[in-house]
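Colleague: My structure is stored as model18.tsv, with TSV, C-alpha atoms and all ligand atoms.
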```tsv
chain	number	residue	atom	x	y	z
A	251	MET	CA	132.66	25.69	-83.60
A	252	PRO	CA	132.18	28.36	-80.91
A	253	CYS	CA	131.61	31.87	-82.26
A	254	ARG	CA	134.95	33.10	-80.98
A	255	SER	CA	136.94	30.53	-82.99
A	256	LEU	CA	134.73	31.10	-86.02
A	257	LYS	CA	135.52	34.81	-85.81
A	258	LYS	CA	139.26	34.09	-85.57
A	259	THR	CA	139.19	31.76	-88.56
A	260	PHE	CA	137.21	34.34	-90.53
A	261	VAL	CA	139.70	37.10	-89.78
A	262	ASN	CA	142.56	34.83	-90.90
A	263	LEU	CA	140.80	33.93	-94.13
A	264	PHE	CA	139.22	37.23	-95.15
A	265	ASP	CA	141.20	39.80	-93.23
A	266	SER	CA	138.14	41.63	-91.86
A	267	GLU	CA	135.96	41.57	-88.72
A	268	PRO	CA	132.73	39.62	-89.27
A	269	ARG	CA	129.31	39.69	-87.64
A	270	ILE	CA	128.04	36.21	-86.77
A	271	PHE	CA	124.48	34.88	-86.92
A	272	CYS	CA	123.43	31.43	-85.68
A	273	ALA	CA	120.24	29.42	-86.22
A	274	PRO	CA	119.36	26.03	-84.69
A	275	GLY	CA	118.11	22.73	-86.09
A	276	ARG	CA	114.89	21.33	-84.67
A	277	VAL	CA	113.20	18.19	-83.50
A	278	ASN	CA	109.47	17.84	-83.92
A	279	LEU	CA	107.78	16.29	-80.87
A	280	ILE	CA	104.45	15.65	-82.58
A	281	GLY	CA	102.47	16.86	-85.63
A	282	GLU	CA	104.15	15.29	-88.65
A	283	HIS	CA	103.18	16.03	-92.25
A	284	THR	CA	100.54	18.41	-90.97
A	285	ASP	CA	102.27	21.73	-91.70
A	286	TYR	CA	101.58	21.76	-95.45
A	287	ASN	CA	97.98	20.78	-94.67
A	288	ASP	CA	97.51	24.06	-92.74
A	289	GLY	CA	97.56	22.07	-89.50
A	290	TYR	CA	99.33	21.97	-86.15
A	291	VAL	CA	102.92	21.11	-85.20
A	292	PHE	CA	104.87	21.00	-81.93
A	293	PRO	CA	108.62	21.25	-82.55
A	294	MET	CA	111.45	22.54	-80.36
A	295	ALA	CA	114.76	24.17	-81.36
A	296	LEU	CA	117.97	22.23	-80.69
A	297	ALA	CA	121.24	23.37	-79.15
A	298	GLU	CA	122.88	22.19	-82.41
A	299	LYS	CA	123.10	25.14	-84.78
A	300	THR	CA	124.60	26.64	-87.92
A	301	CYS	CA	126.65	29.81	-87.63
A	302	VAL	CA	127.42	32.20	-90.46
A	303	ALA	CA	130.19	34.78	-90.16
A	304	ILE	CA	129.84	37.59	-92.68
A	305	SER	CA	131.46	40.82	-93.83
A	306	PRO	CA	130.43	42.96	-96.80
A	307	ARG	CA	132.37	43.21	-100.08
A	308	ASN	CA	132.50	46.07	-102.57
A	309	ASP	CA	131.09	44.01	-105.44
A	310	ARG	CA	128.08	41.75	-106.06
A	311	LYS	CA	129.92	38.49	-105.32
A	312	LEU	CA	129.07	36.03	-102.56
A	313	VAL	CA	132.20	34.14	-101.51
A	314	VAL	CA	130.92	31.34	-99.31
A	315	GLN	CA	133.13	28.90	-97.49
A	316	SER	CA	131.88	25.93	-95.51
A	317	LEU	CA	134.05	24.53	-92.74
A	318	ARG	CA	131.88	21.46	-92.50
A	319	ILE	CA	132.37	20.26	-96.04
A	320	ASP	CA	135.64	22.09	-96.64
A	321	ASP	CA	134.41	23.76	-99.81
A	322	LYS	CA	134.48	27.33	-101.10
A	323	ILE	CA	132.02	28.64	-103.68
A	324	GLU	CA	131.68	31.98	-105.47
A	325	ARG	CA	128.33	33.15	-106.71
A	326	SER	CA	127.29	36.38	-108.32
A	327	LEU	CA	124.21	38.19	-107.06
A	328	ASN	CA	123.61	39.07	-110.72
A	329	GLU	CA	123.05	35.43	-111.71
A	330	LEU	CA	121.21	33.70	-108.93
A	331	GLU	CA	120.18	30.35	-110.39
A	332	PRO	CA	119.95	27.04	-108.50
A	333	ARG	CA	123.09	24.92	-108.92
A	334	LYS	CA	122.01	21.89	-106.93
A	335	ASP	CA	124.79	22.12	-104.39
A	336	TRP	CA	124.93	23.18	-100.72
A	337	SER	CA	125.44	26.85	-101.59
A	338	ASP	CA	121.87	26.98	-102.96
A	339	TYR	CA	120.60	27.45	-99.40
A	340	VAL	CA	122.63	30.66	-99.13
A	341	ALA	CA	122.00	31.82	-102.69
A	342	GLY	CA	118.29	31.01	-102.26
A	343	MET	CA	118.04	33.38	-99.30
A	344	ALA	CA	119.84	36.10	-101.26
A	345	TRP	CA	117.39	35.53	-104.11
A	346	VAL	CA	114.36	35.80	-101.79
A	347	ILE	CA	115.63	38.99	-100.15
A	348	GLU	CA	116.25	40.62	-103.55
A	349	GLN	CA	112.86	39.40	-104.82
A	350	ALA	CA	111.25	41.13	-101.84
A	351	GLY	CA	112.72	44.38	-103.14
A	352	TYR	CA	115.93	44.74	-101.12
A	353	PRO	CA	119.06	44.83	-103.31
A	354	LEU	CA	121.99	43.17	-101.55
A	355	ILE	CA	125.72	43.80	-101.74
A	356	GLY	CA	128.40	41.13	-102.06
A	357	ALA	CA	129.78	39.40	-98.96
A	358	ASN	CA	132.41	37.03	-97.66
A	359	MET	CA	130.79	34.27	-95.61
A	360	LEU	CA	132.16	31.46	-93.48
A	361	ILE	CA	129.80	28.74	-92.27
A	362	SER	CA	130.15	26.20	-89.50
A	363	SER	CA	127.50	23.81	-88.25
A	364	ASN	CA	126.97	20.95	-85.84
A	365	VAL	CA	123.41	20.15	-86.91
A	366	PRO	CA	123.61	16.52	-88.06
A	367	LEU	CA	123.15	16.27	-91.84
A	368	GLY	CA	120.48	14.03	-93.37
A	369	ALA	CA	119.17	13.25	-89.89
A	370	GLY	CA	115.72	14.86	-90.25
A	371	LEU	CA	116.78	17.65	-87.87
A	372	SER	CA	116.45	20.58	-90.31
A	373	SER	CA	120.02	21.39	-91.12
A	374	SER	CA	118.62	23.14	-94.20
A	375	ALA	CA	116.38	25.52	-92.23
A	376	ALA	CA	119.34	26.27	-89.94
A	377	ILE	CA	121.55	27.35	-92.85
A	378	GLU	CA	118.71	29.26	-94.52
A	379	ILE	CA	117.79	31.31	-91.48
A	380	SER	CA	121.37	31.99	-90.35
A	381	SER	CA	122.53	33.05	-93.79
A	382	GLY	CA	119.38	35.11	-94.39
A	383	LEU	CA	119.97	37.09	-91.18
A	384	ALA	CA	123.65	37.46	-92.08
A	385	LEU	CA	122.93	38.74	-95.60
A	386	ALA	CA	120.28	41.15	-94.33
A	387	SER	CA	122.76	42.60	-91.80
A	388	THR	CA	125.05	43.77	-94.62
A	389	ILE	CA	122.39	46.23	-95.79
A	390	GLY	CA	120.90	46.99	-92.36
A	391	LEU	CA	117.67	45.22	-93.29
A	392	GLN	CA	115.38	44.18	-90.43
A	393	VAL	CA	112.19	42.24	-90.92
A	394	ASP	CA	109.92	40.51	-88.40
A	395	SER	CA	110.44	36.91	-87.40
A	396	LYS	CA	107.38	35.53	-89.21
A	397	THR	CA	108.63	37.05	-92.44
A	398	TRP	CA	111.95	35.25	-91.92
A	399	ALA	CA	110.12	31.95	-91.53
A	400	LYS	CA	108.17	32.58	-94.75
A	401	TRP	CA	111.29	33.72	-96.62
A	402	GLY	CA	113.16	30.59	-95.52
A	403	GLN	CA	110.31	28.42	-96.73
A	404	LYS	CA	110.16	30.32	-100.02
A	405	ALA	CA	113.89	29.83	-100.62
A	406	GLU	CA	113.49	26.11	-100.00
A	407	ASN	CA	110.32	25.78	-102.14
A	408	GLN	CA	111.21	27.98	-105.06
A	409	PHE	CA	115.00	27.96	-105.21
A	410	VAL	CA	116.23	24.73	-103.62
A	411	GLY	CA	113.18	22.93	-105.07
A	412	MET	CA	111.93	21.14	-101.95
A	413	ASN	CA	108.23	21.72	-101.42
A	414	CYS	CA	108.32	21.76	-97.60
A	415	GLY	CA	105.91	23.39	-95.16
A	416	VAL	CA	106.79	26.24	-92.79
A	417	MET	CA	107.54	24.32	-89.59
A	418	ASP	CA	111.33	24.03	-89.78
A	419	GLN	CA	112.10	27.63	-90.63
A	420	PHE	CA	109.53	28.87	-88.13
A	421	ILE	CA	110.97	27.02	-85.14
A	422	SER	CA	114.54	27.84	-86.17
A	423	ILE	CA	113.76	31.51	-85.62
A	424	HIS	CA	111.15	31.34	-82.83
A	425	GLY	CA	112.57	28.64	-80.51
A	426	LYS	CA	112.99	29.34	-76.81
A	427	GLU	CA	115.10	27.69	-74.07
A	428	ASN	CA	113.18	24.99	-72.16
A	429	HIS	CA	110.14	25.33	-74.41
A	430	ALA	CA	108.53	23.60	-77.36
A	431	LEU	CA	106.39	25.64	-79.74
A	432	PHE	CA	102.80	24.94	-80.67
A	433	LEU	CA	102.23	26.40	-84.12
A	434	ASP	CA	99.11	26.85	-86.16
A	435	CYS	CA	100.58	26.59	-89.66
A	436	ARG	CA	97.65	28.41	-91.25
A	437	THR	CA	97.58	31.56	-89.15
A	438	LEU	CA	101.19	31.34	-87.88
A	439	ASP	CA	99.85	32.02	-84.38
A	440	TYR	CA	101.98	30.21	-81.86
A	441	GLN	CA	102.37	29.46	-78.19
A	442	LEU	CA	105.54	28.51	-76.33
A	443	VAL	CA	104.89	25.58	-73.99
A	444	PRO	CA	107.36	24.84	-71.14
A	445	LEU	CA	108.87	21.35	-71.03
A	446	PRO	CA	109.49	19.87	-67.58
A	447	ALA	CA	113.29	19.56	-67.89
A	448	ASP	CA	113.63	18.19	-64.35
A	449	GLN	CA	111.46	15.16	-65.18
A	450	ILE	CA	112.09	14.19	-68.77
A	451	ARG	CA	114.70	13.98	-71.49
A	452	ILE	CA	114.04	14.37	-75.19
A	453	ILE	CA	116.43	11.87	-76.75
A	454	ILE	CA	117.10	11.84	-80.48
A	455	CYS	CA	118.27	8.61	-82.09
A	456	ASN	CA	119.72	9.00	-85.57
A	457	THR	CA	119.35	5.79	-87.59
A	458	MET	CA	122.20	7.03	-89.84
A	459	VAL	CA	120.23	6.05	-92.96
A	460	LYS	CA	118.56	8.33	-95.49
A	461	HIS	CA	116.61	6.70	-98.29
A	462	GLU	CA	116.69	8.56	-101.57
A	463	LEU	CA	113.00	8.30	-102.38
A	464	GLY	CA	112.19	10.76	-99.55
A	465	ALA	CA	111.91	13.91	-101.68
A	466	SER	CA	109.70	12.46	-104.41
A	467	GLU	CA	107.48	10.64	-101.92
A	468	TYR	CA	107.08	13.91	-99.99
A	469	ASN	CA	105.63	15.60	-103.05
A	470	THR	CA	103.41	12.60	-103.76
A	471	ARG	CA	102.01	12.77	-100.21
A	472	ARG	CA	101.24	16.47	-100.64
A	473	LYS	CA	99.29	15.73	-103.83
A	474	GLU	CA	97.41	12.87	-102.20
A	475	CYS	CA	96.32	15.21	-99.39
A	476	GLU	CA	95.16	17.82	-101.89
A	477	ASN	CA	93.21	15.13	-103.79
A	478	GLY	CA	91.53	14.10	-100.56
A	479	VAL	CA	90.43	17.69	-99.91
A	480	GLU	CA	88.99	18.01	-103.45
A	481	LEU	CA	87.00	14.78	-103.04
A	482	MET	CA	85.64	15.67	-99.59
A	483	LYS	CA	84.49	19.05	-100.89
A	484	SER	CA	81.40	17.34	-102.32
A	485	MET	CA	80.34	16.82	-98.70
A	486	TYR	CA	82.02	19.83	-97.06
A	487	PRO	CA	82.19	22.59	-99.71
A	488	ASP	CA	83.94	25.09	-97.41
A	489	ILE	CA	87.07	23.08	-96.62
A	490	LYS	CA	90.36	24.42	-97.96
A	491	ALA	CA	92.81	21.99	-96.42
A	492	LEU	CA	92.79	18.83	-94.31
A	493	ARG	CA	93.09	21.08	-91.30
A	494	ASP	CA	89.43	21.96	-91.80
A	495	VAL	CA	88.29	18.35	-91.41
A	496	SER	CA	87.80	16.93	-87.89
A	497	PRO	CA	88.26	13.18	-87.32
A	498	GLU	CA	84.45	12.84	-86.94
A	499	GLN	CA	83.85	14.62	-90.25
A	500	PHE	CA	86.49	12.45	-91.87
A	501	TYR	CA	84.89	9.20	-90.77
A	502	LYS	CA	81.57	10.39	-92.23
A	503	ALA	CA	83.24	11.20	-95.55
A	504	GLU	CA	85.83	8.46	-95.92
A	505	HIS	CA	83.59	6.42	-98.27
A	506	LEU	CA	84.32	9.15	-100.84
A	507	LEU	CA	88.02	8.22	-100.83
A	508	ASP	CA	89.99	5.24	-102.08
A	509	ASP	CA	93.31	3.98	-100.80
A	510	PRO	CA	95.96	5.32	-100.55
A	511	VAL	CA	94.34	8.79	-100.39
A	512	LYS	CA	91.97	7.63	-97.64
A	513	LYS	CA	94.86	6.47	-95.44
A	514	ARG	CA	96.92	9.60	-96.06
A	515	CYS	CA	94.00	11.83	-95.06
A	516	ARG	CA	93.27	9.68	-92.02
A	517	HIS	CA	96.82	10.22	-90.83
A	518	VAL	CA	96.65	13.99	-91.20
A	519	VAL	CA	93.26	14.55	-89.58
A	520	THR	CA	94.05	12.26	-86.64
A	521	GLU	CA	97.55	13.74	-86.27
A	522	ASP	CA	96.16	17.27	-85.99
A	523	GLN	CA	93.87	16.05	-83.23
A	524	ARG	CA	96.78	14.27	-81.51
A	525	VAL	CA	98.75	17.51	-81.43
A	526	LEU	CA	95.89	19.33	-79.72
A	527	ASP	CA	95.27	16.47	-77.27
A	528	SER	CA	98.93	15.90	-76.47
A	529	ILE	CA	99.54	19.56	-75.65
A	530	GLN	CA	96.56	19.50	-73.35
A	531	ALA	CA	98.05	16.43	-71.64
A	532	LEU	CA	101.40	18.20	-71.28
A	533	GLN	CA	99.76	21.23	-69.77
A	534	GLN	CA	98.09	18.94	-67.25
A	535	HIS	CA	101.53	17.45	-66.46
A	536	ASP	CA	100.40	14.10	-67.84
A	537	LEU	CA	103.61	12.99	-69.51
A	538	LYS	CA	102.47	9.39	-69.83
A	539	THR	CA	99.55	10.39	-72.03
A	540	PHE	CA	101.77	12.72	-74.06
A	541	GLY	CA	104.06	9.73	-74.73
A	542	GLN	CA	101.12	7.60	-75.81
A	543	PHE	CA	100.16	10.22	-78.40
A	544	MET	CA	103.74	10.14	-79.68
A	545	ASN	CA	103.48	6.36	-80.07
A	546	ALA	CA	100.17	6.69	-81.89
A	547	SER	CA	101.71	9.30	-84.18
A	548	HIS	CA	104.47	6.92	-85.20
A	549	ASP	CA	102.07	4.07	-85.83
A	550	SER	CA	99.96	6.30	-88.05
A	551	LEU	CA	103.01	7.54	-89.98
A	552	ARG	CA	104.13	3.95	-90.46
A	553	ASP	CA	100.80	2.36	-91.38
A	554	ASP	CA	98.72	5.13	-92.96
A	555	TYR	CA	101.11	7.78	-94.21
A	556	LYS	CA	103.81	5.23	-95.05
A	557	VAL	CA	106.80	7.49	-94.56
A	558	SER	CA	108.67	5.35	-92.07
A	559	CYS	CA	111.26	2.69	-92.97
A	560	LYS	CA	112.57	-0.45	-91.37
A	561	GLU	CA	115.43	1.30	-89.55
A	562	LEU	CA	113.09	3.91	-88.00
A	563	ASP	CA	110.60	1.20	-87.02
A	564	LEU	CA	113.38	-0.84	-85.44
A	565	MET	CA	114.66	2.15	-83.44
A	566	VAL	CA	111.11	2.84	-82.22
A	567	ASP	CA	110.45	-0.80	-81.38
A	568	ILE	CA	113.66	-1.05	-79.34
A	569	ALA	CA	112.87	2.19	-77.49
A	570	ARG	CA	109.43	1.00	-76.51
A	571	THR	CA	110.89	-2.07	-74.73
A	572	LEU	CA	113.18	0.10	-72.56
A	573	ASP	CA	112.41	1.22	-69.01
A	574	GLY	CA	111.48	4.86	-68.64
A	575	CYS	CA	110.54	5.39	-72.30
A	576	LEU	CA	107.14	7.10	-72.35
A	577	GLY	CA	106.92	7.55	-76.13
A	578	ALA	CA	108.93	6.98	-79.30
A	579	ARG	CA	108.32	8.09	-82.86
A	580	MET	CA	110.01	9.02	-86.09
A	581	THR	CA	110.53	12.77	-86.50
A	582	GLY	CA	110.73	14.96	-89.62
A	583	GLY	CA	109.92	13.95	-93.16
A	584	GLY	CA	110.79	10.25	-92.74
A	585	PHE	CA	112.40	7.60	-94.97
A	586	GLY	CA	115.35	7.57	-92.58
A	587	GLY	CA	116.73	10.17	-90.25
A	588	SER	CA	115.89	10.20	-86.56
A	589	THR	CA	113.45	9.13	-83.92
A	590	VAL	CA	112.45	11.28	-80.96
A	591	ASN	CA	111.95	9.66	-77.57
A	592	LEU	CA	110.37	10.93	-74.38
A	593	VAL	CA	112.35	9.36	-71.54
A	594	LEU	CA	112.07	9.79	-67.78
A	595	GLU	CA	115.10	11.70	-66.52
A	596	GLU	CA	116.38	8.95	-64.21
A	597	PHE	CA	116.51	6.43	-67.08
A	598	GLU	CA	118.53	8.63	-69.46
A	599	ARG	CA	121.87	6.84	-69.17
A	600	ASP	CA	120.50	3.31	-69.36
A	601	PHE	CA	118.28	4.25	-72.29
A	602	VAL	CA	121.14	5.74	-74.31
A	603	ALA	CA	123.43	2.76	-73.69
A	604	ALA	CA	120.76	0.14	-74.38
A	605	ILE	CA	119.36	1.64	-77.58
A	606	LYS	CA	122.82	2.18	-79.00
A	607	GLU	CA	123.85	-1.37	-78.35
A	608	SER	CA	120.65	-2.99	-79.48
A	609	TYR	CA	120.40	-1.01	-82.76
A	610	GLN	CA	124.04	-1.68	-83.54
A	611	THR	CA	123.77	-5.39	-82.83
A	612	THR	CA	120.79	-5.76	-85.16
A	613	THR	CA	121.90	-3.50	-88.02
A	614	GLY	CA	125.70	-3.24	-87.74
A	615	ILE	CA	125.24	0.55	-87.81
A	616	ASP	CA	126.49	2.75	-84.96
A	617	PRO	CA	123.64	5.22	-84.32
A	618	GLN	CA	124.15	8.78	-83.13
A	619	ILE	CA	122.25	9.46	-79.91
A	620	VAL	CA	121.72	13.05	-78.77
A	621	VAL	CA	120.13	14.07	-75.48
A	622	SER	CA	118.66	17.29	-76.77
A	623	VAL	CA	118.20	20.57	-74.98
A	624	PRO	CA	115.23	22.81	-75.92
A	625	SER	CA	117.05	25.93	-77.07
A	626	ALA	CA	116.64	29.47	-78.31
A	627	GLY	CA	115.94	30.42	-81.91
A	628	ALA	CA	118.23	32.30	-84.29
A	629	LYS	CA	120.24	35.27	-83.08
A	630	GLU	CA	123.43	37.24	-83.52
A	631	CYS	CA	126.29	35.95	-81.45
A	701	LIG	C1	110.06	18.06	-93.49
A	701	LIG	C2	109.56	19.40	-93.99
A	701	LIG	C3	108.57	20.03	-93.00
A	701	LIG	C4	107.49	19.02	-92.60
A	701	LIG	C5	108.11	17.69	-92.19
A	701	LIG	C6	107.07	16.62	-91.92
A	701	LIG	O1	110.85	18.25	-92.34
A	701	LIG	O2	110.63	20.29	-94.19
A	701	LIG	O3	108.01	21.19	-93.55
A	701	LIG	O4	106.56	18.86	-93.62
A	701	LIG	O5	108.99	17.19	-93.19
A	701	LIG	O6	106.31	16.95	-90.81
```
Now, as a test, write the supplied structure out as structure tokens.
Ligand code: GLA
Modeller:
Amino acid sequence: MPCRSLKKTFVNLFDSEPRIFCAPGRVNLIGEHTDYNDGYVFPMALAEKTCVAISPRNDRKLVVQSLRIDDKIERSLNELEPRKDWSDYVAGMAWVIEQAGYPLIGANMLISSNVPLGAGLSSSAAIEISSGLALASTIGLQVDSKTWAKWGQKAENQFVGMNCGVMDQFISIHGKENHALFLDCRTLDYQLVPLPADQIRIIICNTMVKHELGASEYNTRRKECENGVELMKSMYPDIKALRDVSPEQFYKAEHLLDDPVKKRCRHVVTEDQRVLDSIQALQQHDLKTFGQFMNASHDSLRDDYKVSCKELDLMVDIARTLDGCLGARMTGGGFGGSTVNLVLEEFERDFVAAIKESYQTTTGIDPQIVVSVPSAGAKEC
């Protein structure tokens, strides 16, 4: 919903003028399951975003209404405990801000969003960052953008209970129009890299499936990576995370590991290298090579990291048969959600029509296809 209509609805519901803060979802172009291994990622912010209208109250109550799921929830700032519903993303941010030493006041909040849910496009980071900025505005609190990324991750890790890395929250606040963002997840140093919008389209294909085992498998993968690091320490005592192991070092040490840990580590160390190599290719305007790294990323996620599923593999396989498709891979945590495809601009229409039809014919599911626009990060609107 555009900000103007959100404002109008808010005034009707709460009888006061709100401020509005919006934060986007993201698509990751390459660098999957590397963020929590201190590695590299290359996401971009989407035009799809979550907007939170807010005005302060005189008490310590958060009255939060969602237009998307037509639900209204009241929570007290005095008892911030996870409830396992959508309002935990908002309450989690309030909890993090108070934990950091900034007492909040109550607020009325109205939320609208067009970030697809369960599609691997970070609808959760979008609601975290937008509601965090909104809550902070009620007490005039300003913190730097990296702190917001870390606070969003903390809310998700410690309140919502999902042990994610920092990528999604970071891009939601740091995105820039026409750019993707190369992030070093250890140092949080980053570089905005222009995408050649006149030549290519980034097309997102939502499989419309989300397999439940995603969350528990995510935590298992994290543990497997940590195990790998512990075992390789006998050869490389200084390593702290898989980020510290180059592919060459890995191949010298892989005899120390058994499957599945060996395969998980192989994915991460080669994926970090692919991020570095693919960005170099992009900077040399070699889109074909960038696409090949995307393909290799998917194959590694499917075969070594084992976080793909048959619907994602099908979507990728179809894409790779289509004219103008330079690269296709799953994006986000996996086990359903979306693929991201690098498609030459002149093939956009044919690609969208063909992939939609082919996926539907095979699965009976109508996929959602979005031609995405690299967009700006969170801001007041
Ligand atoms: C999810 C997490 C991210 C990242 C990806 C996989 O989206 O939220 O932190 O780990 O999975 O790359």
Colleague: Looking at A:His283, A:Arg451, A:Lys490, A:Lys257, which one is nearest to Thr520 (chain A), with distances taken over all atoms listed in the file?
Modeller: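 Smallest distance to Thr520 (chain A) is found for A:His283.
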Colleague: Identify, counting all atoms listed in the file, the protein, DNA and RNA residues located within 9 Å of ligand LIG 701 (chain A), and give them as a PyMOL selection string.
Modeller: chain A and resi 278+280-287+291+370-372+374-375+403+406+412-419+468+581-584
Colleague: Could those residues be written to a file, using C-alpha atoms, as a tab-separated table (two decimals), keeping the file's coordinate frame?
Modeller:
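And here is the file that came out, out.tsv:
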```tsv
chain	number	residue	atom	x	y	z
A	278	ASN	CA	109.47	17.84	-83.92
A	280	ILE	CA	104.45	15.65	-82.58
A	281	GLY	CA	102.47	16.86	-85.63
A	282	GLU	CA	104.15	15.29	-88.65
A	283	HIS	CA	103.18	16.03	-92.25
A	284	THR	CA	100.54	18.41	-90.97
A	285	ASP	CA	102.27	21.73	-91.70
A	286	TYR	CA	101.58	21.76	-95.45
A	287	ASN	CA	97.98	20.78	-94.67
A	291	VAL	CA	102.92	21.11	-85.20
A	370	GLY	CA	115.72	14.86	-90.25
A	371	LEU	CA	116.78	17.65	-87.87
A	372	SER	CA	116.45	20.58	-90.31
A	374	SER	CA	118.62	23.14	-94.20
A	375	ALA	CA	116.38	25.52	-92.23
A	403	GLN	CA	110.31	28.42	-96.73
A	406	GLU	CA	113.49	26.11	-100.00
A	412	MET	CA	111.93	21.14	-101.95
A	413	ASN	CA	108.23	21.72	-101.42
A	414	CYS	CA	108.32	21.76	-97.60
A	415	GLY	CA	105.91	23.39	-95.16
A	416	VAL	CA	106.79	26.24	-92.79
A	417	MET	CA	107.54	24.32	-89.59
A	418	ASP	CA	111.33	24.03	-89.78
A	419	GLN	CA	112.10	27.63	-90.63
A	468	TYR	CA	107.08	13.91	-99.99
A	581	THR	CA	110.53	12.77	-86.50
A	582	GLY	CA	110.73	14.96	-89.62
A	583	GLY	CA	109.92	13.95	-93.16
A	584	GLY	CA	110.79	10.25	-92.74
```
Colleague: Go ahead and compute the interatomic distance for CA of Asp600 (chain A) and CA of Thr612 (chain A), in Å to one decimal.
Modeller: 18.2 Å
Colleague: Skip Ser528 (chain A) itself and residues of its chain fewer than 5 positions away, then list as a VMD selection string all residues within 12 Å of it, counting all atoms listed in the file.
Modeller: chain A and resid 279 to 281 290 to 292 432 443 520 to 523 533 to 547 577
Colleague: Pick out the closest residue to Glu596 (chain A) from this set: A:Ile619, A:Met565, A:Ile450, A:Val511. Count all atoms listed in the file.
Modeller: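 Between A:Ile619, A:Met565, A:Ile450, A:Val511, the residue approaching Glu596 (chain A) most closely is A:Ile450.
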Colleague: Identify which of the residues A:Gln349, A:Asn358, A:Ser373, A:Asn262 lies closest to Arg318 (chain A), counting all atoms listed in the file when measuring atom-to-atom distances.
Modeller: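 Checking each candidate against Arg318 (chain A), we get A:Ser373 as the closest.
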Colleague: So what do you get for CA of Ile389 (chain A) versus CA of Ser362 (chain A), distance-wise?
Modeller: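 Atom-to-atom, CA of Ile389 (chain A) and CA of Ser362 (chain A) are spaced 22.4 Å apart.
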Colleague: Could you please determine the separation between CA of Cys253 (chain A) and CA of Leu391 (chain A) in Å, to one decimal place?
Modeller: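 CA of Leu391 (chain A) lies at a distance of 22.2 Å from CA of Cys253 (chain A).
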Colleague: Please return as number ranges by chain every residue within 7 Å of (113.6, 20.5, -79.7), taking into account only C-alpha atoms and the file's own coordinates.
Modeller: A: 276-278, 293-296, 430, 622-625
Colleague: Fewer than 3 positions away in the same chain doesn't count, so skip those; otherwise give me all residues within 6 Å of Ile454 (chain A), counting only C-alpha atoms, as a CSV table (one decimal) with C-alpha atoms, in the frame of the given file.
Modeller:
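So result_12.csv came out as:
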```
chain,number,residue,atom,x,y,z
A,589,THR,CA,113.4,9.1,-83.9
A,590,VAL,CA,112.4,11.3,-81.0
A,619,ILE,CA,122.2,9.5,-79.9
A,620,VAL,CA,121.7,13.0,-78.8
```
Colleague: Need to verify the contact set: Leu312 (chain A), 12 Å, all atoms listed in the file, exclusion of same-chain residues closer than 3 positions in sequence. Can you return it as a ChimeraX atom specification?
Modeller: /A:304-309,315,322-330,337-338,340-345,354-360,381,384-385,388
Colleague: Export C-alpha atoms of the chosen residues as a PDB file, in the coordinates of the input?
Modeller:
```
ATOM      1  CA  ILE A 304     129.840  37.590 -92.680  1.00  0.00           C
ATOM      2  CA  SER A 305     131.460  40.820 -93.830  1.00  0.00           C
ATOM      3  CA  PRO A 306     130.430  42.960 -96.800  1.00  0.00           C
ATOM      4  CA  ARG A 307     132.370  43.210-100.080  1.00  0.00           C
ATOM      5  CA  ASN A 308     132.500  46.070-102.570  1.00  0.00           C
ATOM      6  CA  ASP A 309     131.090  44.010-105.440  1.00  0.00           C
ATOM      7  CA  GLN A 315     133.130  28.900 -97.490  1.00  0.00           C
ATOM      8  CA  LYS A 322     134.480  27.330-101.100  1.00  0.00           C
ATOM      9  CA  ILE A 323     132.020  28.640-103.680  1.00  0.00           C
ATOM     10  CA  GLU A 324     131.680  31.980-105.470  1.00  0.00           C
ATOM     11  CA  ARG A 325     128.330  33.150-106.710  1.00  0.00           C
ATOM     12  CA  SER A 326     127.290  36.380-108.320  1.00  0.00           C
ATOM     13  CA  LEU A 327     124.210  38.190-107.060  1.00  0.00           C
ATOM     14  CA  ASN A 328     123.610  39.070-110.720  1.00  0.00           C
ATOM     15  CA  GLU A 329     123.050  35.430-111.710  1.00  0.00           C
ATOM     16  CA  LEU A 330     121.210  33.700-108.930  1.00  0.00           C
ATOM     17  CA  SER A 337     125.440  26.850-101.590  1.00  0.00           C
ATOM     18  CA  ASP A 338     121.870  26.980-102.960  1.00  0.00           C
ATOM     19  CA  VAL A 340     122.630  30.660 -99.130  1.00  0.00           C
ATOM     20  CA  ALA A 341     122.000  31.820-102.690  1.00  0.00           C
ATOM     21  CA  GLY A 342     118.290  31.010-102.260  1.00  0.00           C
ATOM     22  CA  MET A 343     118.040  33.380 -99.300  1.00  0.00           C
ATOM     23  CA  ALA A 344     119.840  36.100-101.260  1.00  0.00           C
ATOM     24  CA  TRP A 345     117.390  35.530-104.110  1.00  0.00           C
ATOM     25  CA  LEU A 354     121.990  43.170-101.550  1.00  0.00           C
ATOM     26  CA  ILE A 355     125.720  43.800-101.740  1.00  0.00           C
ATOM     27  CA  GLY A 356     128.400  41.130-102.060  1.00  0.00           C
ATOM     28  CA  ALA A 357     129.780  39.400 -98.960  1.00  0.00           C
ATOM     29  CA  ASN A 358     132.410  37.030 -97.660  1.00  0.00           C
ATOM     30  CA  MET A 359     130.790  34.270 -95.610  1.00  0.00           C
ATOM     31  CA  LEU A 360     132.160  31.460 -93.480  1.00  0.00           C
ATOM     32  CA  SER A 381     122.530  33.050 -93.790  1.00  0.00           C
ATOM     33  CA  ALA A 384     123.650  37.460 -92.080  1.00  0.00           C
ATOM     34  CA  LEU A 385     122.930  38.740 -95.600  1.00  0.00           C
ATOM     35  CA  THR A 388     125.050  43.770 -94.620  1.00  0.00           C
TER      36      THR A 388
END
```
Colleague: Quick one: of A:Ile379, A:Leu594, A:Leu562, A:Val302, who's nearest to Met580 (chain A), counting all atoms listed in the file?
Modeller: A:Leu562
